[in-house]
>>> print(open('work-v4.pdb').read())   # PDB, C-alpha atoms
ATOM      1  CA  MET A   1     116.848  -2.378  19.204
ATOM      2  CA  THR A   2     117.055  -1.184  15.592
ATOM      3  CA  GLU A   3     114.760   0.695  13.291
ATOM      4  CA  ASN A   4     112.705  -1.087  10.649
ATOM      5  CA  ASP A   5     111.317   0.793   7.653
ATOM      6  CA  ASP A   6     108.128  -1.276   7.401
ATOM      7  CA  LYS A   7     106.937  -2.050  10.903
ATOM      8  CA  GLY A   8     108.318   0.502  13.327
ATOM      9  CA  TYR A   9     110.917  -1.352  15.376
ATOM     10  CA  GLU A  10     113.052  -4.467  15.386
ATOM     11  CA  ILE A  11     114.442  -6.478  18.258
ATOM     12  CA  GLY A  12     116.737  -9.333  17.344
ATOM     13  CA  GLY A  13     115.765  -8.947  13.694
ATOM     14  CA  LEU A  14     112.021  -9.360  14.374
ATOM     15  CA  PRO A  15     109.533  -6.545  13.748
ATOM     16  CA  VAL A  16     107.697  -5.467  16.899
ATOM     17  CA  TRP A  17     104.461  -3.536  17.129
ATOM     18  CA  TYR A  18     103.764  -3.157  20.833
ATOM     19  CA  HIS A  19     100.147  -3.296  22.007
ATOM     20  CA  PRO A  20      99.914   0.427  22.937
ATOM     21  CA  LEU A  21     101.041   1.349  19.409
ATOM     22  CA  ARG A  22      98.561  -1.040  17.797
ATOM     23  CA  LEU A  23      95.793   0.330  20.007
ATOM     24  CA  ASP A  24      96.564   3.879  18.832
ATOM     25  CA  VAL A  25      96.620   2.875  15.160
ATOM     26  CA  TRP A  26      93.233   1.193  15.578
ATOM     27  CA  ARG A  27      91.599   4.623  15.920
ATOM     28  CA  SER A  28      92.238   5.416  12.250
ATOM     29  CA  LEU A  29      92.146   1.893  10.846
ATOM     30  CA  GLY A  30      88.385   1.534  10.339
ATOM     31  CA  ASP A  31      88.034   4.031   7.487
ATOM     32  CA  LEU A  32      90.879   2.393   5.567
ATOM     33  CA  GLN A  33      89.459  -1.100   6.131
ATOM     34  CA  ARG A  34      86.024  -0.028   4.882
ATOM     35  CA  ALA A  35      87.542   1.609   1.791
ATOM     36  CA  ASN A  36      89.508  -1.575   1.070
ATOM     37  CA  LEU A  37      86.310  -3.617   1.494
ATOM     38  CA  ARG A  38      84.642  -1.578  -1.245
ATOM     39  CA  ASP A  39      87.665  -2.068  -3.501
ATOM     40  CA  ARG A  40      87.638  -5.849  -2.931
ATOM     41  CA  ILE A  41      83.933  -6.058  -3.721
ATOM     42  CA  ARG A  42      84.462  -4.036  -6.903
ATOM     43  CA  GLN A  43      87.370  -6.261  -7.989
ATOM     44  CA  GLU A  44      85.456  -9.467  -7.225
ATOM     45  CA  GLN A  45      82.440  -8.222  -9.214
ATOM     46  CA  ALA A  46      84.622  -7.273 -12.167
ATOM     47  CA  ALA A  47      86.442 -10.639 -12.095
ATOM     48  CA  ALA A  48      83.090 -12.461 -12.070
ATOM     49  CA  GLY A  49      81.633 -10.273 -14.828
ATOM     50  CA  GLY A  50      79.035  -8.872 -12.427
ATOM     51  CA  ASP A  51      77.468  -5.435 -12.013
ATOM     52  CA  THR A  52      80.145  -2.882 -11.031
ATOM     53  CA  SER A  53      77.901   0.170 -10.872
ATOM     54  CA  GLU A  54      78.194   2.310  -7.744
ATOM     55  CA  GLU A  55      74.664   1.345  -6.741
ATOM     56  CA  ALA A  56      75.420  -2.380  -6.962
ATOM     57  CA  ILE A  57      78.763  -2.036  -5.145
ATOM     58  CA  GLU A  58      77.168   0.018  -2.361
ATOM     59  CA  LYS A  59      74.424  -2.560  -1.855
ATOM     60  CA  LEU A  60      76.934  -5.405  -1.569
ATOM     61  CA  TYR A  61      79.125  -3.294   0.696
ATOM     62  CA  LYS A  62      76.266  -2.519   3.093
ATOM     63  CA  THR A  63      75.367  -6.214   3.303
ATOM     64  CA  ALA A  64      78.947  -7.227   4.123
ATOM     65  CA  GLU A  65      79.491  -4.343   6.532
ATOM     66  CA  TYR A  66      76.233  -5.026   8.387
ATOM     67  CA  ALA A  67      77.089  -8.723   8.761
ATOM     68  CA  ASP A  68      80.501  -7.758  10.126
ATOM     69  CA  ARG A  69      79.025  -5.163  12.511
ATOM     70  CA  ARG A  70      76.724  -7.755  14.072
ATOM     71  CA  LYS A  71      79.780  -9.760  15.170
ATOM     72  CA  ARG A  72      81.279  -6.901  17.149
ATOM     73  CA  GLY A  73      81.412  -7.159  20.891
ATOM     74  CA  ASN A  74      81.194  -5.090  24.035
ATOM     75  CA  GLU A  75      81.909  -1.370  23.657
ATOM     76  CA  TYR A  76      82.334  -1.024  27.437
ATOM     77  CA  ALA A  77      85.332  -3.358  27.368
ATOM     78  CA  ARG A  78      87.010  -1.340  24.616
ATOM     79  CA  GLY A  79      86.270   1.897  26.476
ATOM     80  CA  PHE A  80      88.012   0.487  29.544
ATOM     81  CA  LEU A  81      91.089  -0.435  27.524
ATOM     82  CA  ARG A  82      91.260   3.059  26.033
ATOM     83  CA  LYS A  83      91.084   4.564  29.549
ATOM     84  CA  ILE A  84      94.005   2.366  30.591
ATOM     85  CA  ARG A  85      96.003   3.524  27.547
ATOM     86  CA  ASN A  86      95.115   7.182  28.229
ATOM     87  CA  HIS A  87      96.404   6.872  31.788
ATOM     88  CA  HIS A  88      99.487   5.158  30.397
ATOM     89  CA  VAL A  89     100.128   8.103  28.048
ATOM     90  CA  GLU A  90      99.589  10.593  30.895
ATOM     91  CA  ASN A  91     102.391   8.795  32.743
ATOM     92  CA  GLY A  92     104.828   9.175  29.852
ATOM     93  CA  GLY A  93     103.769   6.138  27.825
ATOM     94  CA  LEU A  94     106.607   3.919  29.066
ATOM     95  CA  ILE A  95     106.876   0.605  27.182
ATOM     96  CA  LEU A  96     109.159  -1.842  28.992
ATOM     97  CA  ASP A  97     110.229  -4.718  26.753
ATOM     98  CA  MET A  98     110.850  -7.676  29.075
ATOM     99  CA  ALA A  99     110.645 -10.399  26.422
ATOM    100  CA  ARG A 100     114.222 -11.504  27.098
ATOM    101  CA  ILE A 101     113.994 -11.387  30.866
ATOM    102  CA  GLY A 102     110.375 -12.583  31.032
ATOM    103  CA  PRO A 103     111.152 -16.340  31.334
ATOM    104  CA  HIS A 104     113.480 -15.590  34.265
ATOM    105  CA  LEU A 105     110.779 -13.563  36.004
ATOM    106  CA  GLU A 106     108.141 -16.173  35.237
ATOM    107  CA  ALA A 107     110.252 -18.827  37.000
ATOM    108  CA  THR A 108     110.622 -16.648  40.124
ATOM    109  CA  TRP A 109     108.455 -17.075  43.210
ATOM    110  CA  SER A 110     107.023 -14.055  44.961
ATOM    111  CA  ASP A 111     105.570 -15.488  48.156
ATOM    112  CA  GLY A 112     104.591 -13.132  50.957
ATOM    113  CA  ILE A 113     104.658 -10.085  48.679
ATOM    114  CA  THR A 114     102.109  -7.282  48.892
ATOM    115  CA  LEU A 115     102.098  -4.279  46.567
ATOM    116  CA  LYS A 116     101.478  -1.627  49.229
ATOM    117  CA  ASN A 117     105.061  -0.446  49.569
ATOM    118  CA  VAL A 118     106.495  -1.363  46.170
ATOM    119  CA  LEU A 119     108.190   1.706  44.691
ATOM    120  CA  PRO A 120     106.261   2.431  41.476
ATOM    121  CA  LEU A 121     108.253   3.297  38.372
ATOM    122  CA  ARG A 122     105.098   5.163  37.309
ATOM    123  CA  THR A 123     101.415   4.807  38.194
ATOM    124  CA  GLY A 124     100.869   3.538  34.648
ATOM    125  CA  ILE A 125     103.278   1.443  32.518
ATOM    126  CA  TYR A 126     103.081  -1.219  29.808
ATOM    127  CA  VAL A 127     105.212  -4.371  30.028
ATOM    128  CA  HIS A 128     105.795  -6.472  26.908
ATOM    129  CA  ALA A 129     106.470 -10.056  28.037
ATOM    130  CA  GLY A 130     106.349 -11.832  24.664
ATOM    131  CA  GLU A 131     106.277 -15.632  24.700
ATOM    132  CA  THR A 132     106.486 -17.180  28.151
ATOM    133  CA  LEU A 133     107.766 -20.531  29.396
ATOM    134  CA  GLU A 134     104.235 -21.934  29.335
ATOM    135  CA  TYR A 135     103.526 -20.666  25.814
ATOM    136  CA  ASP A 136     101.237 -23.031  23.908
ATOM    137  CA  ARG A 137      99.462 -22.058  20.702
ATOM    138  CA  ASP A 138      96.675 -24.536  21.522
ATOM    139  CA  ASN A 139      95.662 -22.398  24.498
ATOM    140  CA  PRO A 140      94.277 -18.955  23.543
ATOM    141  CA  ALA A 141      95.386 -17.612  26.925
ATOM    142  CA  SER A 142      98.974 -18.158  25.807
ATOM    143  CA  LEU A 143      98.467 -15.408  23.236
ATOM    144  CA  ILE A 144      98.819 -12.932  26.127
ATOM    145  CA  GLU A 145     101.894 -10.933  25.239
ATOM    146  CA  GLY A 146     101.934  -8.163  27.830
ATOM    147  CA  PHE A 147     100.130  -6.209  30.493
ATOM    148  CA  TYR A 148      99.356  -2.685  31.615
ATOM    149  CA  VAL A 149     100.062  -1.913  35.274
ATOM    150  CA  THR A 150      97.813   0.893  36.533
ATOM    151  CA  HIS A 151      97.380   2.303  40.038
ATOM    152  CA  THR A 152      93.789   2.571  41.187
ATOM    153  CA  ASP A 153      91.730   3.777  44.150
ATOM    154  CA  ASP A 154      88.475   2.251  42.914
ATOM    155  CA  PRO A 155      87.004  -0.311  43.553
ATOM    156  CA  VAL A 156      89.945  -0.940  45.921
ATOM    157  CA  ARG A 157      93.225   0.835  46.524
ATOM    158  CA  GLY A 158      95.800  -1.173  44.668
ATOM    159  CA  TRP A 159      96.898  -2.039  41.135
ATOM    160  CA  ILE A 160      94.985  -3.059  38.021
ATOM    161  CA  PHE A 161      96.697  -5.632  35.827
ATOM    162  CA  SER A 162      95.301  -5.566  32.256
ATOM    163  CA  PHE A 163      96.528  -8.565  30.236
ATOM    164  CA  VAL A 164      96.428  -8.140  26.454
ATOM    165  CA  THR A 165      96.929 -10.552  23.578
ATOM    166  CA  ASN A 166      98.801 -10.344  20.315
ATOM    167  CA  TYR A 167      97.350  -9.760  16.842
ATOM    168  CA  PRO A 168      98.685 -12.616  14.669
ATOM    169  CA  SER A 169      97.644 -11.020  11.353
ATOM    170  CA  TRP A 170      98.747  -7.456  12.138
ATOM    171  CA  ASP A 171     100.705  -7.223   8.883
ATOM    172  CA  ARG A 172      97.365  -7.731   7.046
ATOM    173  CA  ARG A 173      95.396  -5.332   9.256
ATOM    174  CA  GLU A 174      94.434  -2.966   6.420
ATOM    175  CA  GLN A 175      92.682  -5.816   4.602
ATOM    176  CA  ASP A 176      90.960  -7.193   7.709
ATOM    177  CA  MET A 177      87.288  -6.523   8.365
ATOM    178  CA  PRO A 178      86.705  -4.052  11.233
ATOM    179  CA  GLY A 179      85.042  -6.850  13.188
ATOM    180  CA  VAL A 180      88.193  -8.986  12.973
ATOM    181  CA  THR A 181      90.281  -6.139  14.357
ATOM    182  CA  GLN A 182      87.756  -5.437  17.073
ATOM    183  CA  ALA A 183      87.721  -9.103  18.099
ATOM    184  CA  ALA A 184      91.527  -9.075  18.352
ATOM    185  CA  PHE A 185      91.514  -6.076  20.703
ATOM    186  CA  ASP A 186      88.615  -7.518  22.700
ATOM    187  CA  ARG A 187      90.863 -10.413  23.721
ATOM    188  CA  PHE A 188      92.020  -8.954  27.026
ATOM    189  CA  PHE A 189      91.033  -9.107  30.658
ATOM    190  CA  ALA A 190      91.839  -7.108  33.767
ATOM    191  CA  PHE A 191      91.481  -7.371  37.521
ATOM    192  CA  ALA A 192      92.474  -5.241  40.510
ATOM    193  CA  ILE A 193      94.728  -6.496  43.295
ATOM    194  CA  PRO A 194      94.329  -4.774  46.698
ATOM    195  CA  GLU A 195      97.621  -3.272  47.800
ATOM    196  CA  ASP A 196      97.592  -5.181  51.121
ATOM    197  CA  ALA A 197      96.846  -8.613  49.583
ATOM    198  CA  ASP A 198      99.461 -11.377  49.429
ATOM    199  CA  VAL A 199      99.765 -11.840  45.661
ATOM    200  CA  ALA A 200     100.585 -15.554  45.977
ATOM    201  CA  LYS A 201      97.689 -16.352  48.341
ATOM    202  CA  LEU A 202      94.940 -14.200  46.859
ATOM    203  CA  ASP A 203      91.815 -16.067  45.677
ATOM    204  CA  TYR A 204      91.694 -14.900  42.055
ATOM    205  CA  ARG A 205      88.347 -16.622  41.504
ATOM    206  CA  LYS A 206      86.683 -13.942  43.627
ATOM    207  CA  LEU A 207      88.129 -10.946  41.785
ATOM    208  CA  GLU A 208      85.913  -9.037  39.370
ATOM    209  CA  ILE A 209      86.996  -9.606  35.781
ATOM    210  CA  ILE A 210      86.791  -6.807  33.229
ATOM    211  CA  GLY A 211      86.992  -7.734  29.559
ATOM    212  CA  ASP A 212      87.000 -11.227  28.061
ATOM    213  CA  LYS A 213      85.754 -13.466  30.882
ATOM    214  CA  ALA A 214      86.091 -16.627  28.760
ATOM    215  CA  LEU A 215      89.763 -15.835  28.143
ATOM    216  CA  ALA A 216      90.253 -15.176  31.859
ATOM    217  CA  LYS A 217      88.851 -18.636  32.666
ATOM    218  CA  GLN A 218      91.371 -20.258  30.335
ATOM    219  CA  ALA A 219      94.272 -18.318  31.815
ATOM    220  CA  ASN A 220      96.165 -19.057  35.011
ATOM    221  CA  ARG A 221      95.400 -15.759  36.742
ATOM    222  CA  TRP A 222      97.576 -16.528  39.734
ATOM    223  CA  HIS A 223     100.474 -17.257  37.416
ATOM    224  CA  LEU A 224      99.998 -14.053  35.405
ATOM    225  CA  ALA A 225      99.568 -11.881  38.501
ATOM    226  CA  ARG A 226     102.816 -13.265  39.886
ATOM    227  CA  LEU A 227     104.587 -12.487  36.607
ATOM    228  CA  ALA A 228     103.274  -8.901  36.685
ATOM    229  CA  THR A 229     104.283  -8.566  40.347
ATOM    230  CA  ASN A 230     107.777  -9.826  39.542
ATOM    231  CA  ALA A 231     108.049  -7.208  36.792
ATOM    232  CA  MET A 232     107.083  -4.496  39.299
ATOM    233  CA  LEU A 233     109.613  -5.780  41.832
ATOM    234  CA  TYR A 234     112.319  -5.920  39.172
ATOM    235  CA  LEU A 235     111.666  -2.325  38.147
ATOM    236  CA  SER A 236     111.494  -1.120  41.773
ATOM    237  CA  ARG A 237     115.079  -2.150  42.543
ATOM    238  CA  SER A 238     117.597   0.629  43.016
ATOM    239  CA  HIS A 239     119.462  -0.256  39.786
ATOM    240  CA  PRO A 240     117.299  -2.297  37.398
ATOM    241  CA  ASP A 241     118.876  -3.184  34.063
ATOM    242  CA  VAL A 242     116.727  -0.878  31.906
ATOM    243  CA  GLN A 243     118.168   0.745  28.815
ATOM    244  CA  GLY A 244     117.810   1.503  25.114
ATOM    245  CA  THR A 245     115.259   4.270  24.740
ATOM    246  CA  MET A 246     113.904   5.331  21.342
ATOM    247  CA  SER A 247     112.025   8.298  19.959
ATOM    248  CA  MET A 248     108.535   7.636  18.613
ATOM    249  CA  TYR A 249     108.528  10.343  15.963
ATOM    250  CA  ARG A 250     108.628   8.263  12.784
ATOM    251  CA  PRO A 251     106.366   8.323   9.692
ATOM    252  CA  GLU A 252     105.059   4.753  10.004
ATOM    253  CA  THR A 253     104.008   5.367  13.623
ATOM    254  CA  SER A 254     102.501   8.799  12.992
ATOM    255  CA  ASP A 255      99.104   7.552  14.215
ATOM    256  CA  THR A 256     100.508   6.579  17.616
ATOM    257  CA  ARG A 257     100.914   8.719  20.683
ATOM    258  CA  LYS A 258     104.168   9.621  22.385
ATOM    259  CA  SER A 259     105.843   6.648  24.041
ATOM    260  CA  GLN A 260     109.281   5.769  25.356
ATOM    261  CA  ILE A 261     110.579   2.262  24.736
ATOM    262  CA  PHE A 262     113.106   0.520  26.982
ATOM    263  CA  GLU A 263     114.625  -2.951  26.932
ATOM    264  CA  CYS A 264     115.140  -4.718  30.246
ATOM    265  CA  GLY A 265     117.694  -7.273  31.366
ATOM    266  CA  ALA A 266     120.064  -6.981  28.406
ATOM    267  CA  ASP A 267     123.250  -7.225  30.511
ATOM    268  CA  GLU A 268     122.163  -8.876  33.726
ATOM    269  CA  LEU A 269     121.446 -12.520  32.967
ATOM    270  CA  ASP A 270     122.783 -15.613  31.243
ATOM    271  CA  TRP A 271     121.144 -15.800  27.797
ATOM    272  CA  SER A 272     122.578 -19.235  26.943
ATOM    273  CA  ILE A 273     119.781 -21.070  28.814
ATOM    274  CA  ASP A 274     117.755 -23.400  26.601
ATOM    275  CA  TRP A 275     114.210 -22.940  27.904
ATOM    276  CA  SER A 276     112.805 -25.942  26.021
ATOM    277  CA  ASN A 277     112.276 -28.846  28.419
ATOM    278  CA  ALA A 278     114.141 -26.901  31.113
ATOM    279  CA  THR A 279     114.406 -27.907  34.768
ATOM    280  CA  LEU A 280     114.954 -24.872  36.957
ATOM    281  CA  ALA A 281     115.669 -24.064  40.548
ATOM    282  CA  PRO A 282     113.111 -21.267  40.946
ATOM    283  CA  GLY A 283     114.235 -17.725  41.524
ATOM    284  CA  ARG A 284     113.076 -15.844  44.590
ATOM    285  CA  TRP A 285     112.821 -12.408  46.104
ATOM    286  CA  ILE A 286     114.569 -11.659  49.368
ATOM    287  CA  VAL A 287     112.781  -8.888  51.245
ATOM    288  CA  ASP A 288     115.328  -6.889  53.230
ATOM    289  CA  ASP A 289     112.745  -4.318  54.320
ATOM    290  CA  PRO A 290     108.973  -4.740  53.833
ATOM    291  CA  GLY A 291     108.561  -0.958  53.947
ATOM    292  CA  GLY A 292     106.024   1.136  55.794
ATOM    293  CA  GLU A 293     105.760   4.546  57.469
ATOM    294  CA  GLY A 294     107.063   6.338  54.406
ATOM    295  CA  ARG A 295     109.636   3.647  53.493
ATOM    296  CA  TRP A 296     109.539   1.731  50.212
ATOM    297  CA  MET A 297     110.048  -2.027  50.146
ATOM    298  CA  VAL A 298     113.672  -3.118  49.626
ATOM    299  CA  THR A 299     114.203  -6.427  47.830
ATOM    300  CA  ARG A 300     116.967  -8.476  46.259
ATOM    301  CA  TRP A 301     116.423 -10.824  43.336
ATOM    302  CA  VAL A 302     117.939 -14.302  43.146
ATOM    303  CA  PRO A 303     117.308 -15.350  39.502
ATOM    304  CA  PRO A 304     116.314 -18.949  38.622
ATOM    305  CA  LYS A 305     119.120 -21.380  37.930
ATOM    306  CA  LEU A 306     119.227 -24.216  35.414
ATOM    307  CA  VAL A 307     119.526 -27.622  37.112
ATOM    308  CA  ARG A 308     121.487 -30.122  35.010
ATOM    309  CA  PRO A 309     120.031 -33.646  34.738
ATOM    310  CA  GLN A 310     122.979 -35.156  36.632
ATOM    311  CA  GLU A 311     122.428 -32.656  39.474
ATOM    312  CA  ARG A 312     118.672 -33.045  39.790
ATOM    313  CA  GLU A 313     118.404 -35.973  42.238
ATOM    314  CA  GLN A 314     121.048 -34.624  44.583
ATOM    315  CA  PHE A 315     119.413 -31.198  44.431
ATOM    316  CA  LEU A 316     116.010 -32.647  45.378
ATOM    317  CA  GLN A 317     117.454 -34.788  48.173
ATOM    318  CA  GLY A 318     118.957 -31.658  49.642
ATOM    319  CA  GLY A 319     115.482 -30.113  49.938
ATOM    320  CA  GLY A 320     115.620 -28.140  46.713
ATOM    321  CA  LYS A 321     112.552 -27.519  44.569
ATOM    322  CA  VAL A 322     112.495 -27.473  40.795
ATOM    323  CA  LEU A 323     110.224 -26.105  38.087
ATOM    324  CA  GLU A 324     109.771 -28.234  35.001
ATOM    325  CA  PHE A 325     108.529 -26.895  31.685
ATOM    326  CA  PRO A 326     107.573 -29.218  28.800
ATOM    327  CA  VAL A 327     108.801 -28.734  25.267
ATOM    328  CA  ARG A 328     106.964 -25.666  24.008
ATOM    329  CA  ARG A 329     104.533 -26.120  21.135
ATOM    330  CA  LYS A 330     104.964 -23.481  18.420
TER     331      LYS A 330
END
>>> encode(input="work-v4.pdb", output="structure tokens")
Amino acid sequence: MTENDDKGYEIGGLPVWYHPLRLDVWRSLGDLQRANLRDRIRQEQAAAGGDTSEEAIEKLYKTAEYADRRKRGNEYARGFLRKIRNHHVENGGLILDMARIGPHLEATWSDGITLKNVLPLRTGIYVHAGETLEYDRDNPASLIEGFYVTHTDDPVRGWIFSFVTNYPSWDRREQDMPGVTQAAFDRFFAFAIPEDADVAKLDYRKLEIIGDKALAKQANRWHLARLATNAMLYLSRSHPDVQGTMSMYRPETSDTRKSQIFECGADELDWSIDWSNATLAPGRWIVDDPGGEGRWMVTRWVPPKLVRPQEREQFLQGGGKVLEFPVRRK
């Protein structure tokens, strides 16, 4: 992870603004966006030879701002997301970047797993997953780039998974209308998983959805919950590959709250796998001790393995199972 003068951080040469940081910046973005709206109106009027008096500009501004305000959505949903971020900050603001290890976790099964005795890294973390194996720009649910994991006692004792999407035009955020920014942050949904529920067998259709219910319908909730569970299991191991912390005190992130950033899986796995059109023997978790009576769950991870085309038939005949992923659309 290296520093980047314009956008905060770089990983592999790409600028990264994690969702918690964007959410913090949003608090002060509205005033700047409204000021830029006035400037654009003034410039457009001048270019067209129109009236550029303050009275005329203010009238046009109010019309545009009112039209934008009418498009804005549910304040309750945004309030919920801010509560999740506040709890995240109270727990140290840990941001775990699992973009590199995410495909491996996504191709891992977690059957028979409950979250009751999983050792929590914190009771509130944020996991950045980035693009996943099923990423498809034609499906808005594929814009989900990460999730907050938050312990809860209400409405059930368990864990809330809050899945958040990216902001494709973040580099143009200061010129966006406030309604555009609001719509981008409204694209999230959350649900609570009871701590004694089998994550793989839970009926996700019966869980209460908070946030964007239309987005939740387009998403594979079972699939996402399993990914989040796998991230929790990975972090609960005695020696997870977590490293590379960074200070948040930098001028361009002055509007964000204290966070610690870690990369996961940098040294543990084979990075030469070509995920496009991959056939995989799924990974799995081996539970050595399910935990209970003051004991945390003890697990071992067997990562997924690439199955070569010439090995596939023999592998299947031997009772093996494979996961196939189509060529990803960009």
>>> atom_distance(input="work-v4.pdb", atom1="atom CA of A:Phe147", atom2="atom CA of A:Met177")
25.6 Å
>>> residues_around(input="work-v4.pdb", residues="A:Gly291", least_positions_apart="4", cutoff="10 Å", atoms="only C-alpha atoms", output="PDB file with C-alpha atoms, in the coordinates of the input")
ATOM      1  CA  LYS A 116     101.478  -1.627  49.229  1.00  0.00           C
ATOM      2  CA  ASN A 117     105.061  -0.446  49.569  1.00  0.00           C
ATOM      3  CA  VAL A 118     106.495  -1.363  46.170  1.00  0.00           C
ATOM      4  CA  LEU A 119     108.190   1.706  44.691  1.00  0.00           C
ATOM      5  CA  VAL A 287     112.781  -8.888  51.245  1.00  0.00           C
ATOM      6  CA  ARG A 295     109.636   3.647  53.493  1.00  0.00           C
ATOM      7  CA  TRP A 296     109.539   1.731  50.212  1.00  0.00           C
ATOM      8  CA  MET A 297     110.048  -2.027  50.146  1.00  0.00           C
ATOM      9  CA  VAL A 298     113.672  -3.118  49.626  1.00  0.00           C
ATOM     10  CA  THR A 299     114.203  -6.427  47.830  1.00  0.00           C
TER      11      THR A 299
END
>>> closest_residue(input="work-v4.pdb", among="A:Ala214, A:Leu316, A:Leu96, A:Ile144", to="A:Gly265", atoms="only C-alpha atoms")
A:Leu96
>>> closest_residue(input="work-v4.pdb", among="A:Asp203, A:Asp176, A:Glu54, A:Asp153", to="A:Trp26", atoms="all atoms listed in the file")
A:Asp176
>>> atom_distance(input="work-v4.pdb", atom1="atom CA of A:Ala225", atom2="atom CA of A:Arg205")
12.5 Å
>>> closest_residue(input="work-v4.pdb", among="A:Gly146, A:Ser53, A:Val242, A:Thr165", to="A:Ala266", atoms="all atoms listed in the file")
A:Val242
>>> closest_residue(input="work-v4.pdb", among="A:Asp111, A:Arg221, A:His104, A:Asp186", to="A:Tyr204", atoms="all atoms listed in the file")
A:Arg221
>>> resolve_selection(input="work-v4.pdb", expression="the PyMOL selection byres ((chain A and resi 158) around 8)", output="PyMOL selection string")
chain A and resi 115-116+151-153+156-157+159-160+192-196
>>> residues_near_point(input="work-v4.pdb", point="(119.6, -29.8, 31.5)", cutoff="7 Å", atoms="all atoms listed in the file", output="ChimeraX atom specification")
/A:278-279,306-309
>>> resolve_selection(input="work-v4.pdb", expression="the PyMOL selection byres ((chain A and resi 180) around 12)", output="PDB file with C-alpha atoms, keeping the file's coordinate frame")
ATOM      1  CA  TRP A  26      93.233   1.193  15.578  1.00  0.00           C
ATOM      2  CA  LEU A  29      92.146   1.893  10.846  1.00  0.00           C
ATOM      3  CA  GLY A  30      88.385   1.534  10.339  1.00  0.00           C
ATOM      4  CA  GLN A  33      89.459  -1.100   6.131  1.00  0.00           C
ATOM      5  CA  GLU A  65      79.491  -4.343   6.532  1.00  0.00           C
ATOM      6  CA  ALA A  67      77.089  -8.723   8.761  1.00  0.00           C
ATOM      7  CA  ASP A  68      80.501  -7.758  10.126  1.00  0.00           C
ATOM      8  CA  ARG A  69      79.025  -5.163  12.511  1.00  0.00           C
ATOM      9  CA  ARG A  70      76.724  -7.755  14.072  1.00  0.00           C
ATOM     10  CA  LYS A  71      79.780  -9.760  15.170  1.00  0.00           C
ATOM     11  CA  ARG A  72      81.279  -6.901  17.149  1.00  0.00           C
ATOM     12  CA  GLY A  73      81.412  -7.159  20.891  1.00  0.00           C
ATOM     13  CA  TYR A 167      97.350  -9.760  16.842  1.00  0.00           C
ATOM     14  CA  PRO A 168      98.685 -12.616  14.669  1.00  0.00           C
ATOM     15  CA  SER A 169      97.644 -11.020  11.353  1.00  0.00           C
ATOM     16  CA  TRP A 170      98.747  -7.456  12.138  1.00  0.00           C
ATOM     17  CA  ARG A 172      97.365  -7.731   7.046  1.00  0.00           C
ATOM     18  CA  ARG A 173      95.396  -5.332   9.256  1.00  0.00           C
ATOM     19  CA  GLU A 174      94.434  -2.966   6.420  1.00  0.00           C
ATOM     20  CA  GLN A 175      92.682  -5.816   4.602  1.00  0.00           C
ATOM     21  CA  ASP A 176      90.960  -7.193   7.709  1.00  0.00           C
ATOM     22  CA  MET A 177      87.288  -6.523   8.365  1.00  0.00           C
ATOM     23  CA  PRO A 178      86.705  -4.052  11.233  1.00  0.00           C
ATOM     24  CA  GLY A 179      85.042  -6.850  13.188  1.00  0.00           C
ATOM     25  CA  THR A 181      90.281  -6.139  14.357  1.00  0.00           C
ATOM     26  CA  GLN A 182      87.756  -5.437  17.073  1.00  0.00           C
ATOM     27  CA  ALA A 183      87.721  -9.103  18.099  1.00  0.00           C
ATOM     28  CA  ALA A 184      91.527  -9.075  18.352  1.00  0.00           C
ATOM     29  CA  PHE A 185      91.514  -6.076  20.703  1.00  0.00           C
ATOM     30  CA  ASP A 186      88.615  -7.518  22.700  1.00  0.00           C
ATOM     31  CA  ARG A 187      90.863 -10.413  23.721  1.00  0.00           C
TER      32      ARG A 187
END
>>> residues_near_point(input="work-v4.pdb", point="(80.1, -2.0, -1.7)", cutoff="8 Å", atoms="only C-alpha atoms", output="tab-separated table (two decimals) with C-alpha atoms, keeping the file's coordinate frame")
chain	number	residue	atom	x	y	z
A	37	LEU	CA	86.31	-3.62	1.49
A	38	ARG	CA	84.64	-1.58	-1.25
A	39	ASP	CA	87.66	-2.07	-3.50
A	41	ILE	CA	83.93	-6.06	-3.72
A	42	ARG	CA	84.46	-4.04	-6.90
A	54	GLU	CA	78.19	2.31	-7.74
A	56	ALA	CA	75.42	-2.38	-6.96
A	57	ILE	CA	78.76	-2.04	-5.14
A	58	GLU	CA	77.17	0.02	-2.36
A	59	LYS	CA	74.42	-2.56	-1.86
A	60	LEU	CA	76.93	-5.40	-1.57
A	61	TYR	CA	79.12	-3.29	0.70
A	62	LYS	CA	76.27	-2.52	3.09
A	64	ALA	CA	78.95	-7.23	4.12
>>> resolve_selection(input="work-v4.pdb", expression="the PyMOL selection byres ((chain A and resi 226-228) around 10)", output="ChimeraX atom specification")
/A:102-111,113,127,129,132,146-149,161-163,199-200,221-225,229-234
>>> atom_distance(input="work-v4.pdb", atom1="atom CA of A:Asp31", atom2="atom CA of A:His128")
28.3 Å
>>> closest_residue(input="work-v4.pdb", among="A:Ala281, A:Ile101, A:Leu207, A:Ala197", to="A:Pro155", atoms="only C-alpha atoms")
A:Leu207
>>> closest_residue(input="work-v4.pdb", among="A:Trp285, A:Asp241, A:Leu280, A:His87", to="A:Glu311", atoms="only C-alpha atoms")
A:Leu280
>>> axis_aligned_box(input="work-v4.pdb", around="stretch 111-129 of chain A", padding_each_side="3 Å", output="JSON")
{"center_x": 104.6, "center_y": -5.2, "center_z": 38.9, "size_x": 13.4, "size_y": 26.7, "size_z": 30.0}
